[in-house]
2 protein chains.
Amino acid sequence: MTRIVVALGGNAIARAGERGTWEEARAHARQAVAPLAKLAKKGHEVVLTHGNGPQVGNLLLQQESVRDVPPLPLDAVGAATQGWIGYLLQQELGTALLRAHVPRTVVPIVTRVEVNARDPAFKSPSKPVGRYYEENEAHLLMKQKGWVMRHDMARGGWRRIVPSPLPRRLVEGGALRSLLDAGLGRRVVPIVAGGGGVPVVERGKGRYEGVEAVIDKDRTASLIATSVGASELAILTDVPYVCAAFHTPRERRIGRTTPDALRRLLENGEFGEGSMRPKVEAALDFQDHGGTRAVITDIDHFSAALRGQAGTVLEPLHED
Amino acid sequence: MTRIVVALGGNAIARAGERGTWEEARAHARQAVAPLAKLAKKGHEVVLTHGNGPQVGNLLLQQESVRDVPPLPLDAVGAATQGWIGYLLQQELGTALLRAHVPRTVVPIVTRVEVNARDPAFKSPSKPVGRYYEENEAHLLMKQKGWVMRHDMARGGWRRIVPSPLPRRLVEGGALRSLLDAGLGRRVVPIVAGGGGVPVVERGKGRYEGVEAVIDKDRTASLIATSVGASELAILTDVPYVCAAFHTPRERRIGRTTPDALRRLLENGEFGEGSMRPKVEAALDFQDHGGTRAVITDIDHFSAALRGQAGTVLEPLHED
């Protein structure tokens with residue numbers, strides 16, 4: 001029996017080119033949770049996490065569009081997406097578990113992730129969020145709310161830019177681990193730290209203040225896996241393998257590999273900043289903290305990857 | 001040591017006449033959670049629930065206001081409010097617990113509540129939700145989405161009306177009870193079934209489908225209390241006492257009372273449909289299911305009410 005943390009990518013909820021309806025989200029979620037029910041059926045303990053990029057963007061857009069209703073801050077909007085995406089996955093995974101005759105309850109938990117108030121990311125915000133604004137509106141918002149905004153040449157509008165600090169600690173991590181260690185991992189499937197978690201900083205010992213930032217969900221997945229003492233971490237995305245030199249003539253798939261080999265490719269700059277790099281870093285980070293195996297693949301190859309027959313599988317060299 | 005379920009009323013988050021900002025919500029929440037930290041300090045197990053009426057209304061308004069982003073259905077919007085209100089209370093209660101030196105983690109859980117697909121409420125929707133529409137828009141929505149809408153004379157607009165069925169079962173109730181019975185009630189404070197819970201109906205054994213409805217949060221509070229085997233239920237609202245014949249010359253406060261006496265007043269029609277009646281019914285329902293004590297009061301009188309020195313306190317007659 002293994003304790004495994006699974007991180008679902010954005011395509012488990014929405015895909016480019018679609019309208020983004022609830023029915024589309026349900027269909028994608030249904031497909032994404034199928035291999036998780038199989039894992040649970042085998043007796044493994046499963047902890048689930050997920051992204052929220054497009055969803056937090058849409059909700060912000062809506063928050064900023066009704067004059068008489070003051071918008072929630074970004075941290076609270078993130079918590080709202082943990083609520084509804086958690087519910088979506090709870091419904092679909094609940095049904096899949098039932099069909100597989102696995103008596104487990106899916107329990108989405110609103111989860112905060114502590115970041116360091118001195119993280120350099122706070123000095124150089126990098127992630128665009130929310131809607132596009134006209135120049136005069138943008139100047140007003142920068143002045144009134146202290147937002148950092150950037151002009152987007154391609155779209156011809158101004159957009160808010162927020163920091164993306166590194167996750168440091170799962171605030172609810174101790175409680176989650178107690179729950180699992182009390183044997184509840186065979187009764188429940190927790191869904192935690194959706195969208196990378198709600199970012200908070202510590203102001204005085206143990207008192208947390210929300211911050212308007214976004215945390216990379218793969219980095220948080222690695223932190224979750226370490227916090228709950230998981231032996232496996234699976235990062236599910238929209239490609240079956242990590243590729244080195246992606247989209248170049250010398251592109252090649254990475255199958256089974258070791259931390260040392262993967263780290264060399266990372267240091268060579270083989271992975272794209274906004275795509276594979278955070279996933280590779282998360283997998284390596286998990287290994288550095290004693291994880292047994294990290295897998296990066298897509299939903300269709302997930303079961304095979306766990307048998308070592310597909311996907312990018314990161315394992316230390318065993319001397320046997 | 002007592003297991004107590006506390007239901008926070010709407011004034012724990014927002015008050016009439018305010019703008020409804022995040023800062024206002026934080027200030028109210030901070031005040032509302034203060035007595036809960038005291039309860040936990042005394043060693044009691046606390047399970048928290050809360051309303052979401054104005055918040056779900058605002059979020060729906062925003063959902064319906066951006067042309068390019070399809071709105072989420074009402075059940076998912078309810079789950080989103082469980083997310084952000086859960087986070088709000090988690091932050092403020094977390095800080096209050098810390099200051100009281102109580103090492104407990106606040107864990108908001110997305111919770112579904114099963115309602116009966118044959119509940120008569122589905123045939124006579126009664127709760128107005130979301131924004132006001134013009135007559136031609138309203139007719140289109142009724143035709144396209146099958147909404148039930150009603151013309152509001154006072155405001156001169158059309159509004160969607162949804163059913164308010166009775167809560168039947170907490171879908172995550174078994175898991176919650178396992179968690180508490182494993183002794184985790186002294187490690188965590190669960191926040192569950194916010195806004196009365198996300199309403200679902202069972203379609204085939206154990207497969208739940210969301211429905212666009214709202215559930216009375218006090219009724220759900222009673223169900224939570226019964227599901228987790230709590231001995232006490234506290235319903236916190238904006239008045240210190242339930243009054244009989246409220247706002248009439250023969251108005252009188254109800255202090256300590258028995259189920260029989262309170263039921264007689266209820267049957268006499270002494271309590272207003274939209275205000276005290278559901279609270280009184282919830283308190284009686286909890287008693288009917290073996291609860292020891294139910295309290296209805298406001299935040300300021302809560303601690304005194306638990307000592308039997310304030311509030312409306314419902315207890316069976318003890319023959320001693």
# chains A, B, ... in the order shown; residues from 1 in each chain; ligands from 1
>>> interface_residues(of="chain A", to="chain B", cutoff="8 Å", atoms="only C-alpha atoms", output="number ranges by chain")
A: 19-22, 58-59, 61-63, 65-66, 69-73, 76-84, 86-88, 91, 94-95, 98, 105-111, 172, 175, 178-179, 182, 184, 187-188, 206-209
>>> residues_around(residues="Leu265 of chain B", least_positions_apart="3", cutoff="12 Å", atoms="only C-alpha atoms", output="PyMOL selection string")
chain B and resi 242-246+252+254+257-262+268-272+276-277+280-281+284
>>> select_by_dssp(residues="segment 85-257 of chain B", states="helix (DSSP H, G or I)", output="PyMOL selection string")
chain B and resi 85-99+120-123+135-145+173-181+184-186+194-196+217-227
>>> select_by_dssp(residues="segment 243-301 of chain B", states="strand (DSSP E)", output="number ranges by chain")
B: 243-244, 252-254, 256-257, 293-298
>>> write_last_selection(atoms="all heavy atoms", output="JSON list (two decimals), in the first residue's frame")
[["chain", "number", "residue", "atom", "x", "y", "z"],
["B", 243, "CYS", "N", -38.24, 35.69, 20.37],
["B", 243, "CYS", "CA", -39.42, 36.32, 20.97],
["B", 243, "CYS", "C", -40.69, 35.69, 20.40],
["B", 243, "CYS", "O", -40.76, 35.39, 19.20],
["B", 243, "CYS", "CB", -39.43, 37.82, 20.68],
["B", 243, "CYS", "SG", -38.22, 38.72, 21.66],
["B", 244, "ALA", "N", -41.67, 35.52, 21.28],
["B", 244, "ALA", "CA", -43.00, 35.15, 20.80],
["B", 244, "ALA", "C", -43.72, 36.44, 20.45],
["B", 244, "ALA", "O", -43.44, 37.49, 21.04],
["B", 244, "ALA", "CB", -43.76, 34.40, 21.90],
["B", 252, "ARG", "N", -42.90, 38.83, 23.82],
["B", 252, "ARG", "CA", -42.14, 38.48, 25.02],
["B", 252, "ARG", "C", -40.99, 37.54, 24.68],
["B", 252, "ARG", "O", -41.06, 36.71, 23.78],
["B", 252, "ARG", "CB", -43.05, 37.84, 26.08],
["B", 252, "ARG", "CG", -43.65, 36.54, 25.64],
["B", 252, "ARG", "CD", -44.69, 36.01, 26.62],
["B", 252, "ARG", "NE", -45.33, 34.85, 26.03],
["B", 252, "ARG", "CZ", -44.80, 33.63, 26.04],
["B", 252, "ARG", "NH1", -43.66, 33.40, 26.63],
["B", 252, "ARG", "NH2", -45.44, 32.63, 25.46],
["B", 253, "ARG", "N", -39.91, 37.75, 25.42],
["B", 253, "ARG", "CA", -38.70, 36.94, 25.25],
["B", 253, "ARG", "C", -38.93, 35.51, 25.71],
["B", 253, "ARG", "O", -39.57, 35.30, 26.74],
["B", 253, "ARG", "CB", -37.60, 37.49, 26.15],
["B", 253, "ARG", "CG", -37.02, 38.79, 25.70],
["B", 253, "ARG", "CD", -36.04, 39.22, 26.80],
["B", 253, "ARG", "NE", -35.18, 40.28, 26.31],
["B", 253, "ARG", "CZ", -34.17, 40.79, 27.00],
["B", 253, "ARG", "NH1", -33.91, 40.32, 28.21],
["B", 253, "ARG", "NH2", -33.44, 41.74, 26.49],
["B", 254, "ILE", "N", -38.29, 34.58, 25.02],
["B", 254, "ILE", "CA", -38.30, 33.20, 25.50],
["B", 254, "ILE", "C", -36.91, 32.87, 26.02],
["B", 254, "ILE", "O", -35.93, 32.97, 25.29],
["B", 254, "ILE", "CB", -38.70, 32.24, 24.37],
["B", 254, "ILE", "CG1", -40.08, 32.64, 23.84],
["B", 254, "ILE", "CG2", -38.69, 30.80, 24.86],
["B", 254, "ILE", "CD1", -40.51, 31.89, 22.61],
["B", 256, "ARG", "N", -35.26, 30.12, 29.07],
["B", 256, "ARG", "CA", -35.14, 28.66, 29.16],
["B", 256, "ARG", "C", -36.51, 28.04, 28.90],
["B", 256, "ARG", "O", -37.51, 28.50, 29.44],
["B", 256, "ARG", "CB", -34.61, 28.26, 30.55],
["B", 256, "ARG", "CG", -34.45, 26.77, 30.71],
["B", 256, "ARG", "CD", -33.78, 26.45, 32.02],
["B", 256, "ARG", "NE", -32.39, 26.89, 31.99],
["B", 256, "ARG", "CZ", -31.39, 26.20, 32.53],
["B", 256, "ARG", "NH1", -31.62, 25.06, 33.15],
["B", 256, "ARG", "NH2", -30.16, 26.66, 32.49],
["B", 257, "THR", "N", -36.56, 27.05, 28.06],
["B", 257, "THR", "CA", -37.85, 26.45, 27.73],
["B", 257, "THR", "C", -37.70, 24.97, 27.42],
["B", 257, "THR", "O", -36.58, 24.44, 27.37],
["B", 257, "THR", "CB", -38.49, 27.20, 26.54],
["B", 257, "THR", "OG1", -39.81, 26.71, 26.32],
["B", 257, "THR", "CG2", -37.69, 27.04, 25.27],
["B", 293, "ARG", "N", -29.15, 19.84, 24.29],
["B", 293, "ARG", "CA", -29.47, 21.24, 24.51],
["B", 293, "ARG", "C", -29.30, 22.02, 23.21],
["B", 293, "ARG", "O", -28.32, 21.83, 22.49],
["B", 293, "ARG", "CB", -28.55, 21.83, 25.58],
["B", 293, "ARG", "CG", -28.96, 23.21, 26.02],
["B", 293, "ARG", "CD", -28.36, 23.57, 27.33],
["B", 293, "ARG", "NE", -26.90, 23.65, 27.25],
["B", 293, "ARG", "CZ", -26.17, 24.39, 28.09],
["B", 293, "ARG", "NH1", -26.76, 25.06, 29.07],
["B", 293, "ARG", "NH2", -24.88, 24.43, 27.98],
["B", 294, "ALA", "N", -30.24, 22.90, 22.93],
["B", 294, "ALA", "CA", -30.13, 23.80, 21.78],
["B", 294, "ALA", "C", -30.25, 25.23, 22.27],
["B", 294, "ALA", "O", -31.09, 25.53, 23.12],
["B", 294, "ALA", "CB", -31.22, 23.49, 20.76],
["B", 295, "VAL", "N", -29.40, 26.09, 21.73],
["B", 295, "VAL", "CA", -29.36, 27.49, 22.16],
["B", 295, "VAL", "C", -29.56, 28.37, 20.94],
["B", 295, "VAL", "O", -28.98, 28.12, 19.88],
["B", 295, "VAL", "CB", -27.97, 27.78, 22.80],
["B", 295, "VAL", "CG1", -27.79, 29.27, 23.01],
["B", 295, "VAL", "CG2", -27.80, 27.01, 24.09],
["B", 296, "ILE", "N", -30.43, 29.39, 21.06],
["B", 296, "ILE", "CA", -30.56, 30.40, 20.01],
["B", 296, "ILE", "C", -30.29, 31.75, 20.66],
["B", 296, "ILE", "O", -30.99, 32.16, 21.58],
["B", 296, "ILE", "CB", -31.97, 30.40, 19.37],
["B", 296, "ILE", "CG1", -32.32, 29.00, 18.84],
["B", 296, "ILE", "CG2", -32.06, 31.44, 18.25],
["B", 296, "ILE", "CD1", -33.76, 28.87, 18.31],
["B", 297, "THR", "N", -29.24, 32.44, 20.19],
["B", 297, "THR", "CA", -28.89, 33.74, 20.78],
["B", 297, "THR", "C", -27.98, 34.50, 19.82],
["B", 297, "THR", "O", -27.79, 34.07, 18.68],
["B", 297, "THR", "CB", -28.24, 33.55, 22.17],
["B", 297, "THR", "OG1", -28.10, 34.82, 22.80],
["B", 297, "THR", "CG2", -26.87, 32.90, 22.06],
["B", 298, "ASP", "N", -27.44, 35.63, 20.26],
["B", 298, "ASP", "CA", -26.49, 36.34, 19.40],
["B", 298, "ASP", "C", -25.06, 36.12, 19.92],
["B", 298, "ASP", "O", -24.85, 35.48, 20.96],
["B", 298, "ASP", "CB", -26.84, 37.83, 19.28],
["B", 298, "ASP", "CG", -26.76, 38.57, 20.60],
["B", 298, "ASP", "OD1", -26.22, 38.01, 21.58],
["B", 298, "ASP", "OD2", -27.26, 39.71, 20.67]]
>>> closest_residue(among="A:His139, A:Arg186, A:Arg118, A:Lys217", to="His50 of chain A", atoms="only C-alpha atoms")
A:Lys217
